[in-house]
file my_file05.pdb (PDB, C-alpha atoms and all ligand atoms)
MODEL        1
ATOM      1  CA  MET A1267     -46.585 -20.209 -95.637  1.00  0.00           C
ATOM      2  CA  HIS A1268     -46.699 -22.941 -93.084  1.00  0.00           C
ATOM      3  CA  LYS A1269     -49.163 -25.674 -93.784  1.00  0.00           C
ATOM      4  CA  GLY A1270     -50.314 -28.764 -91.962  1.00  0.00           C
ATOM      5  CA  LYS A1271     -49.668 -29.259 -88.300  1.00  0.00           C
ATOM      6  CA  ALA A1272     -48.339 -26.198 -86.555  1.00  0.00           C
ATOM      7  CA  LEU A1273     -44.752 -26.488 -85.444  1.00  0.00           C
ATOM      8  CA  ILE A1274     -45.115 -24.036 -82.573  1.00  0.00           C
ATOM      9  CA  GLU A1275     -48.605 -23.771 -81.164  1.00  0.00           C
ATOM     10  CA  ILE A1276     -50.161 -23.030 -77.802  1.00  0.00           C
ATOM     11  CA  ARG A1277     -53.607 -24.167 -76.788  1.00  0.00           C
ATOM     12  CA  ILE A1278     -55.698 -21.421 -75.265  1.00  0.00           C
ATOM     13  CA  ALA A1279     -59.025 -23.236 -75.015  1.00  0.00           C
ATOM     14  CA  GLY A1280     -59.629 -23.810 -71.318  1.00  0.00           C
ATOM     15  CA  LEU A1281     -56.454 -21.995 -70.364  1.00  0.00           C
ATOM     16  CA  SER A1282     -56.707 -20.342 -66.981  1.00  0.00           C
ATOM     17  CA  ASN A1283     -55.765 -16.733 -66.410  1.00  0.00           C
ATOM     18  CA  GLY A1284     -52.156 -16.263 -65.404  1.00  0.00           C
ATOM     19  CA  ILE A1285     -48.710 -16.990 -66.749  1.00  0.00           C
ATOM     20  CA  HIS A1286     -48.038 -20.156 -68.708  1.00  0.00           C
ATOM     21  CA  GLU A1287     -44.648 -21.253 -70.004  1.00  0.00           C
ATOM     22  CA  TYR A1288     -43.997 -23.481 -72.961  1.00  0.00           C
ATOM     23  CA  SER A1289     -40.787 -24.908 -74.354  1.00  0.00           C
ATOM     24  CA  PHE A1290     -40.313 -26.205 -77.859  1.00  0.00           C
ATOM     25  CA  THR A1291     -37.357 -27.603 -79.703  1.00  0.00           C
ATOM     26  CA  CYS A1292     -37.164 -27.773 -83.451  1.00  0.00           C
ATOM     27  CA  THR A1293     -34.690 -27.541 -86.296  1.00  0.00           C
ATOM     28  CA  ALA A1294     -34.359 -24.948 -89.041  1.00  0.00           C
ATOM     29  CA  GLN A1295     -35.323 -27.566 -91.639  1.00  0.00           C
ATOM     30  CA  GLU A1296     -38.764 -27.974 -90.065  1.00  0.00           C
ATOM     31  CA  PHE A1297     -39.704 -24.401 -90.959  1.00  0.00           C
ATOM     32  CA  ASP A1298     -39.405 -25.221 -94.642  1.00  0.00           C
ATOM     33  CA  ASP A1299     -37.841 -21.830 -95.314  1.00  0.00           C
ATOM     34  CA  PRO A1300     -34.609 -21.697 -97.349  1.00  0.00           C
ATOM     35  CA  SER A1301     -33.478 -18.479 -95.674  1.00  0.00           C
ATOM     36  CA  LEU A1302     -33.252 -20.321 -92.362  1.00  0.00           C
ATOM     37  CA  THR A1303     -31.189 -23.179 -93.713  1.00  0.00           C
ATOM     38  CA  ALA A1304     -29.267 -21.709 -96.653  1.00  0.00           C
ATOM     39  CA  PRO A1305     -26.678 -20.004 -94.618  1.00  0.00           C
ATOM     40  CA  PRO A1306     -26.881 -20.114 -90.984  1.00  0.00           C
ATOM     41  CA  PHE A1307     -28.825 -21.972 -88.326  1.00  0.00           C
ATOM     42  CA  SER A1308     -27.429 -25.240 -87.134  1.00  0.00           C
ATOM     43  CA  GLY A1309     -28.445 -27.753 -84.511  1.00  0.00           C
ATOM     44  CA  THR A1310     -31.459 -27.468 -82.319  1.00  0.00           C
ATOM     45  CA  ILE A1311     -33.546 -24.332 -82.032  1.00  0.00           C
ATOM     46  CA  ALA A1312     -34.869 -23.737 -78.542  1.00  0.00           C
ATOM     47  CA  VAL A1313     -38.105 -21.770 -78.373  1.00  0.00           C
ATOM     48  CA  LYS A1314     -39.507 -20.479 -75.118  1.00  0.00           C
ATOM     49  CA  VAL A1315     -42.992 -19.029 -75.097  1.00  0.00           C
ATOM     50  CA  VAL A1316     -44.394 -17.209 -72.086  1.00  0.00           C
ATOM     51  CA  ALA A1317     -48.096 -16.475 -72.392  1.00  0.00           C
ATOM     52  CA  GLU A1318     -49.906 -14.325 -69.883  1.00  0.00           C
ATOM     53  CA  LYS A1319     -53.632 -14.747 -70.182  1.00  0.00           C
ATOM     54  CA  THR A1320     -56.214 -12.336 -68.854  1.00  0.00           C
ATOM     55  CA  ASP A1321     -59.938 -12.015 -69.576  1.00  0.00           C
ATOM     56  CA  THR A1322     -59.220  -9.728 -72.507  1.00  0.00           C
ATOM     57  CA  GLU A1323     -55.914 -10.802 -74.017  1.00  0.00           C
ATOM     58  CA  VAL A1324     -53.023 -13.224 -74.202  1.00  0.00           C
ATOM     59  CA  VAL A1325     -49.643 -11.487 -74.092  1.00  0.00           C
ATOM     60  CA  THR A1326     -47.170 -13.793 -75.746  1.00  0.00           C
ATOM     61  CA  ASP A1327     -43.413 -13.493 -75.425  1.00  0.00           C
ATOM     62  CA  ILE A1328     -41.336 -15.577 -77.791  1.00  0.00           C
ATOM     63  CA  GLU A1329     -37.660 -16.201 -77.189  1.00  0.00           C
ATOM     64  CA  THR A1330     -35.546 -18.199 -79.600  1.00  0.00           C
ATOM     65  CA  THR A1331     -32.043 -19.489 -78.949  1.00  0.00           C
ATOM     66  CA  VAL A1332     -30.000 -21.065 -81.695  1.00  0.00           C
ATOM     67  CA  ALA A1333     -26.418 -21.515 -82.826  1.00  0.00           C
ATOM     68  CA  ALA A1334     -25.556 -19.986 -86.184  1.00  0.00           C
ATOM     69  CA  GLU A1335     -22.632 -20.587 -88.499  1.00  0.00           C
ATOM     70  CA  LEU A1336     -21.900 -17.248 -90.140  1.00  0.00           C
ATOM     71  CA  ASN A1337     -19.019 -15.718 -92.030  1.00  0.00           C
ATOM     72  CA  CYS A1338     -17.007 -12.607 -91.254  1.00  0.00           C
ATOM     73  CA  ASP A1339     -18.126  -9.766 -93.547  1.00  0.00           C
ATOM     74  CA  ILE A1340     -14.525  -8.772 -94.147  1.00  0.00           C
ATOM     75  CA  CYS A1341     -12.313 -11.856 -94.270  1.00  0.00           C
ATOM     76  CA  LEU A1342     -15.093 -14.480 -94.701  1.00  0.00           C
ATOM     77  CA  ALA A1343     -13.705 -16.570 -91.850  1.00  0.00           C
ATOM     78  CA  PRO A1344     -16.340 -18.788 -90.231  1.00  0.00           C
ATOM     79  CA  VAL A1345     -17.927 -17.174 -87.200  1.00  0.00           C
ATOM     80  CA  HIS A1346     -19.895 -19.208 -84.692  1.00  0.00           C
ATOM     81  CA  ARG A1347     -22.575 -17.262 -82.862  1.00  0.00           C
ATOM     82  CA  GLN A1348     -25.219 -18.037 -80.291  1.00  0.00           C
ATOM     83  CA  LEU A1349     -28.243 -15.969 -81.299  1.00  0.00           C
ATOM     84  CA  THR A1350     -31.189 -14.957 -79.183  1.00  0.00           C
ATOM     85  CA  GLY A1351     -34.336 -13.477 -80.698  1.00  0.00           C
ATOM     86  CA  ARG A1352     -37.289 -11.934 -78.893  1.00  0.00           C
ATOM     87  CA  PHE A1353     -40.758 -11.014 -80.067  1.00  0.00           C
ATOM     88  CA  ARG A1354     -43.912  -9.997 -78.190  1.00  0.00           C
ATOM     89  CA  ILE A1355     -47.413 -10.311 -79.570  1.00  0.00           C
ATOM     90  CA  PHE A1356     -50.672  -9.205 -77.978  1.00  0.00           C
ATOM     91  CA  PHE A1357     -53.600 -11.433 -78.856  1.00  0.00           C
ATOM     92  CA  ILE A1358     -56.856  -9.639 -78.069  1.00  0.00           C
ATOM     93  CA  PHE A1359     -60.060 -11.574 -77.535  1.00  0.00           C
ATOM     94  CA  GLY A1360     -63.122 -10.716 -79.567  1.00  0.00           C
ATOM     95  CA  SER A1361     -63.602  -7.576 -81.578  1.00  0.00           C
ATOM     96  CA  PRO A1362     -61.229  -4.681 -81.025  1.00  0.00           C
ATOM     97  CA  ASP A1363     -62.688  -2.058 -78.697  1.00  0.00           C
ATOM     98  CA  GLY A1364     -62.118   0.633 -81.287  1.00  0.00           C
ATOM     99  CA  THR A1365     -59.508   2.494 -79.311  1.00  0.00           C
ATOM    100  CA  GLU A1366     -56.386   3.286 -81.269  1.00  0.00           C
ATOM    101  CA  ARG A1367     -53.284   1.828 -79.742  1.00  0.00           C
ATOM    102  CA  GLU A1368     -50.312   4.044 -80.223  1.00  0.00           C
ATOM    103  CA  CYS A1369     -47.709   1.411 -80.007  1.00  0.00           C
ATOM    104  CA  ASP A1370     -45.245  -0.440 -82.170  1.00  0.00           C
ATOM    105  CA  GLU A1371     -46.126  -3.702 -80.546  1.00  0.00           C
ATOM    106  CA  GLU A1372     -47.840  -6.412 -82.478  1.00  0.00           C
ATOM    107  CA  TYR A1373     -51.601  -6.638 -81.837  1.00  0.00           C
ATOM    108  CA  ARG A1374     -53.858  -9.312 -83.224  1.00  0.00           C
ATOM    109  CA  VAL A1375     -57.494 -10.043 -82.679  1.00  0.00           C
ATOM    110  CA  LEU A1376     -58.487 -13.582 -81.765  1.00  0.00           C
ATOM    111  CA  ALA A1377     -61.827 -14.871 -82.989  1.00  0.00           C
ATOM    112  CA  PRO A1378     -64.010 -15.940 -80.050  1.00  0.00           C
ATOM    113  CA  ALA A1379     -63.876 -19.584 -81.165  1.00  0.00           C
ATOM    114  CA  THR A1380     -60.070 -19.693 -81.293  1.00  0.00           C
ATOM    115  CA  THR A1381     -58.735 -22.733 -79.491  1.00  0.00           C
ATOM    116  CA  ASP A1382     -55.062 -22.636 -80.477  1.00  0.00           C
ATOM    117  CA  ILE A1383     -52.584 -19.948 -81.432  1.00  0.00           C
ATOM    118  CA  ASP A1384     -50.164 -20.955 -84.167  1.00  0.00           C
ATOM    119  CA  LEU A1385     -46.874 -19.177 -83.542  1.00  0.00           C
ATOM    120  CA  THR A1386     -44.854 -20.934 -86.236  1.00  0.00           C
ATOM    121  CA  GLU A1387     -44.672 -17.901 -88.537  1.00  0.00           C
ATOM    122  CA  ASP A1388     -43.795 -15.610 -85.638  1.00  0.00           C
ATOM    123  CA  VAL A1389     -41.027 -17.907 -84.466  1.00  0.00           C
ATOM    124  CA  ARG A1390     -39.676 -18.058 -88.014  1.00  0.00           C
ATOM    125  CA  GLU A1391     -39.594 -14.255 -88.148  1.00  0.00           C
ATOM    126  CA  THR A1392     -38.044 -14.027 -84.702  1.00  0.00           C
ATOM    127  CA  LEU A1393     -35.256 -16.333 -85.876  1.00  0.00           C
ATOM    128  CA  LEU A1394     -34.624 -14.258 -88.987  1.00  0.00           C
ATOM    129  CA  LEU A1395     -34.609 -11.035 -86.974  1.00  0.00           C
ATOM    130  CA  SER A1396     -32.082 -12.484 -84.549  1.00  0.00           C
ATOM    131  CA  LEU A1397     -29.487 -12.676 -87.325  1.00  0.00           C
ATOM    132  CA  PRO A1398     -26.930  -9.903 -86.884  1.00  0.00           C
ATOM    133  CA  VAL A1399     -26.738  -7.243 -89.587  1.00  0.00           C
ATOM    134  CA  LYS A1400     -22.961  -7.111 -89.353  1.00  0.00           C
ATOM    135  CA  VAL A1401     -20.807 -10.136 -88.696  1.00  0.00           C
ATOM    136  CA  THR A1402     -17.150  -9.793 -87.897  1.00  0.00           C
ATOM    137  CA  CYS A1403     -14.607 -12.239 -86.568  1.00  0.00           C
ATOM    138  CA  ASP A1404     -12.114 -11.309 -83.866  1.00  0.00           C
ATOM    139  CA  ALA A1405      -9.152 -13.065 -85.436  1.00  0.00           C
ATOM    140  CA  TYR A1406      -7.707 -10.047 -87.237  1.00  0.00           C
ATOM    141  CA  PRO A1407      -7.426  -6.423 -86.075  1.00  0.00           C
ATOM    142  CA  GLU A1408      -8.826  -5.160 -89.393  1.00  0.00           C
ATOM    143  CA  CYS A1409     -12.029  -7.133 -88.790  1.00  0.00           C
ATOM    144  CA  MET A1410     -12.687  -5.591 -85.379  1.00  0.00           C
ATOM    145  CA  PRO A1411     -15.694  -3.239 -85.269  1.00  0.00           C
ATOM    146  CA  THR A1412     -13.438  -0.326 -84.259  1.00  0.00           C
ATOM    147  CA  ALA A1413     -11.284  -0.841 -87.343  1.00  0.00           C
ATOM    148  CA  GLN A1414     -14.407  -0.709 -89.480  1.00  0.00           C
ATOM    149  CA  GLU A1415     -15.534   2.556 -87.922  1.00  0.00           C
ATOM    150  CA  GLU A1416     -12.171   4.072 -88.706  1.00  0.00           C
ATOM    151  CA  ARG A1417     -12.581   2.880 -92.233  1.00  0.00           C
ATOM    152  CA  ASP A1418     -16.020   4.475 -92.503  1.00  0.00           C
ATOM    153  CA  ILE A1419     -14.750   7.964 -91.734  1.00  0.00           C
ATOM    154  CA  PRO A1420     -13.191   9.343 -94.911  1.00  0.00           C
ATOM    155  CA  GLY A1421      -9.704   7.994 -94.305  1.00  0.00           C
ATOM    156  CA  GLU A1422      -9.068   7.287 -97.951  1.00  0.00           C
ATOM    157  CA  GLU A1423      -9.682  10.900 -98.873  1.00  0.00           C
ATOM    158  CA  LEU A1424      -7.098  11.922 -96.317  1.00  0.00           C
ATOM    159  CA  ASP A1425      -4.689   9.531 -97.951  1.00  0.00           C
ATOM    160  CA  ASP A1426      -5.445  11.074-101.336  1.00  0.00           C
ATOM    161  CA  ASP A1427      -4.844  14.565 -99.989  1.00  0.00           C
ATOM    162  CA  ALA A1428      -1.550  13.466 -98.491  1.00  0.00           C
ATOM    163  CA  GLN A1429      -0.589  11.895-101.774  1.00  0.00           C
ATOM    164  CA  ASN A1430      -1.644  15.004-103.662  1.00  0.00           C
ATOM    165  CA  SER A1431       0.373  17.341-101.481  1.00  0.00           C
ATOM    166  CA  ALA A1432       3.400  15.059-101.721  1.00  0.00           C
ATOM    167  CA  TRP A1433       3.015  15.092-105.454  1.00  0.00           C
ATOM    168  CA  LYS A1434       2.641  18.894-105.470  1.00  0.00           C
ATOM    169  CA  GLU A1435       5.745  19.184-103.325  1.00  0.00           C
ATOM    170  CA  SER A1436       7.802  17.149-105.753  1.00  0.00           C
ATOM    171  CA  LEU A1437       6.374  19.209-108.600  1.00  0.00           C
ATOM    172  CA  LYS A1438       7.447  22.401-106.851  1.00  0.00           C
ATOM    173  CA  GLU A1439      10.832  20.847-106.257  1.00  0.00           C
ATOM    174  CA  LEU A1440      11.094  20.035-109.958  1.00  0.00           C
ATOM    175  CA  LYS A1441      10.077  23.572-110.936  1.00  0.00           C
ATOM    176  CA  ARG A1442      12.643  25.015-108.550  1.00  0.00           C
ATOM    177  CA  LYS A1443      15.326  22.852-110.173  1.00  0.00           C
ATOM    178  CA  LEU A1444      14.237  23.894-113.630  1.00  0.00           C
ATOM    179  CA  ASP A1445      14.302  27.548-112.647  1.00  0.00           C
TER
HETATM  180 ZN    ZN B   1     -12.617 -11.427 -90.212  1.00  0.00          ZN
ENDMDL
END

call {"tool": "encode", "arguments": {"input": "my_file05.pdb", "output": "structure tokens"}}
result
Amino acid sequence: MHKGKALIEIRIAGLSNGIHEYSFTCTAQEFDDPSLTAPPFSGTIAVKVVAEKTDTEVVTDIETTVAAELNCDICLAPVHRQLTGRFRIFFIFGSPDGTERECDEEYRVLAPATTDIDLTEDVRETLLLSLPVKVTCDAYPECMPTAQEERDIPGEELDDDAQNSAWKESLKELKRKLD
């Protein structure tokens, strides 16, 4: 958990209704999270926060941009990627009105006395979510995504069948010779 001064924070006390934009720059090290620094993120992390305030809520859009040094899943070659992560959070003022919101979006209730919203944890998660599940280089044809898809369909079984039938053929041939 993040302690001490918030790395990414917006002040909502006295904030007028409307759209407010904030820009932050930080480094992965500042998040104090090994999963951000152990492999990938390098250089400066740019964080853009757009907050739209109304009488009832603050809709907050987070966008992170960062360079990452990854490795190809197949050949382990270094892969440099520019990653963008996005996350939207609805901060609702006061007590929830009791209506169920059928939505996947993130809703949080702000205490009436809230003066600042700490977004550090959300930015950290946005960064982690921006990491690609699959990483492939484009240096070798076998690393291309299309090559992987071909590999996923049971190509090896086909090879086995072909091998089997070739083996059966030679067995038949042998039998024929013996007969
Ligand atoms: Zn590769």

call {"tool": "residues_near_ligand", "arguments": {"input": "my_file05.pdb", "ligand": "ligand ZN 1 (chain B)", "cutoff": "8 Å", "atoms": "all atoms listed in the file", "output": "list in words"}}
result
Asn1337, Cys1338, Asp1339, Ile1340, Cys1341, Leu1342, Ala1343, Thr1402, Cys1403, Asp1404, Ala1405, Tyr1406, Glu1408, Cys1409 and Met1410 of chain A

call {"tool": "closest_residue", "arguments": {"input": "my_file05.pdb", "among": "A:Arg1374, A:Arg1390, A:Arg1352, A:Lys1441", "to": "Phe1307 of chain A", "atoms": "all atoms listed in the file"}}
result
A:Arg1390

call {"tool": "closest_residue", "arguments": {"input": "my_file05.pdb", "among": "A:Arg1354, A:Glu1323, A:Pro1398, A:Lys1271", "to": "Pro1306 of chain A", "atoms": "only C-alpha atoms"}}
result
A:Pro1398

call {"tool": "resolve_selection", "arguments": {"input": "my_file05.pdb", "expression": "the PyMOL selection byres (((chain A and resi 1325) around 9) and not hetatm)", "output": "PDB file with C-alpha atoms, in the coordinates of the input"}}
result
ATOM      1  CA  VAL A1316     -44.394 -17.209 -72.086  1.00  0.00           C
ATOM      2  CA  ALA A1317     -48.096 -16.475 -72.392  1.00  0.00           C
ATOM      3  CA  GLU A1318     -49.906 -14.325 -69.883  1.00  0.00           C
ATOM      4  CA  LYS A1319     -53.632 -14.747 -70.182  1.00  0.00           C
ATOM      5  CA  THR A1320     -56.214 -12.336 -68.854  1.00  0.00           C
ATOM      6  CA  GLU A1323     -55.914 -10.802 -74.017  1.00  0.00           C
ATOM      7  CA  VAL A1324     -53.023 -13.224 -74.202  1.00  0.00           C
ATOM      8  CA  THR A1326     -47.170 -13.793 -75.746  1.00  0.00           C
ATOM      9  CA  ASP A1327     -43.413 -13.493 -75.425  1.00  0.00           C
ATOM     10  CA  ARG A1354     -43.912  -9.997 -78.190  1.00  0.00           C
ATOM     11  CA  ILE A1355     -47.413 -10.311 -79.570  1.00  0.00           C
ATOM     12  CA  PHE A1356     -50.672  -9.205 -77.978  1.00  0.00           C
ATOM     13  CA  PHE A1357     -53.600 -11.433 -78.856  1.00  0.00           C
ATOM     14  CA  ILE A1358     -56.856  -9.639 -78.069  1.00  0.00           C
TER      15      ILE A1358
END

call {"tool": "resolve_selection", "arguments": {"input": "my_file05.pdb", "expression": "the PyMOL selection byres (((chain A and resi 1381-1389) around 10) and not hetatm)", "output": "VMD selection string"}}
result
chain A and resid 1267 to 1269 1271 to 1281 1297 1313 to 1315 1324 1326 1328 to 1330 1351 to 1355 1357 1376 to 1380 1390 to 1395

call {"tool": "atom_distance", "arguments": {"input": "my_file05.pdb", "atom1": "atom CA of Thr1303 of chain A", "atom2": "atom CA of Glu1372 of chain A"}}
result
26.2 Å

call {"tool": "atom_distance", "arguments": {"input": "my_file05.pdb", "atom1": "atom CA of Cys1292 of chain A", "atom2": "atom CA of Thr1350 of chain A"}}
result
14.8 Å
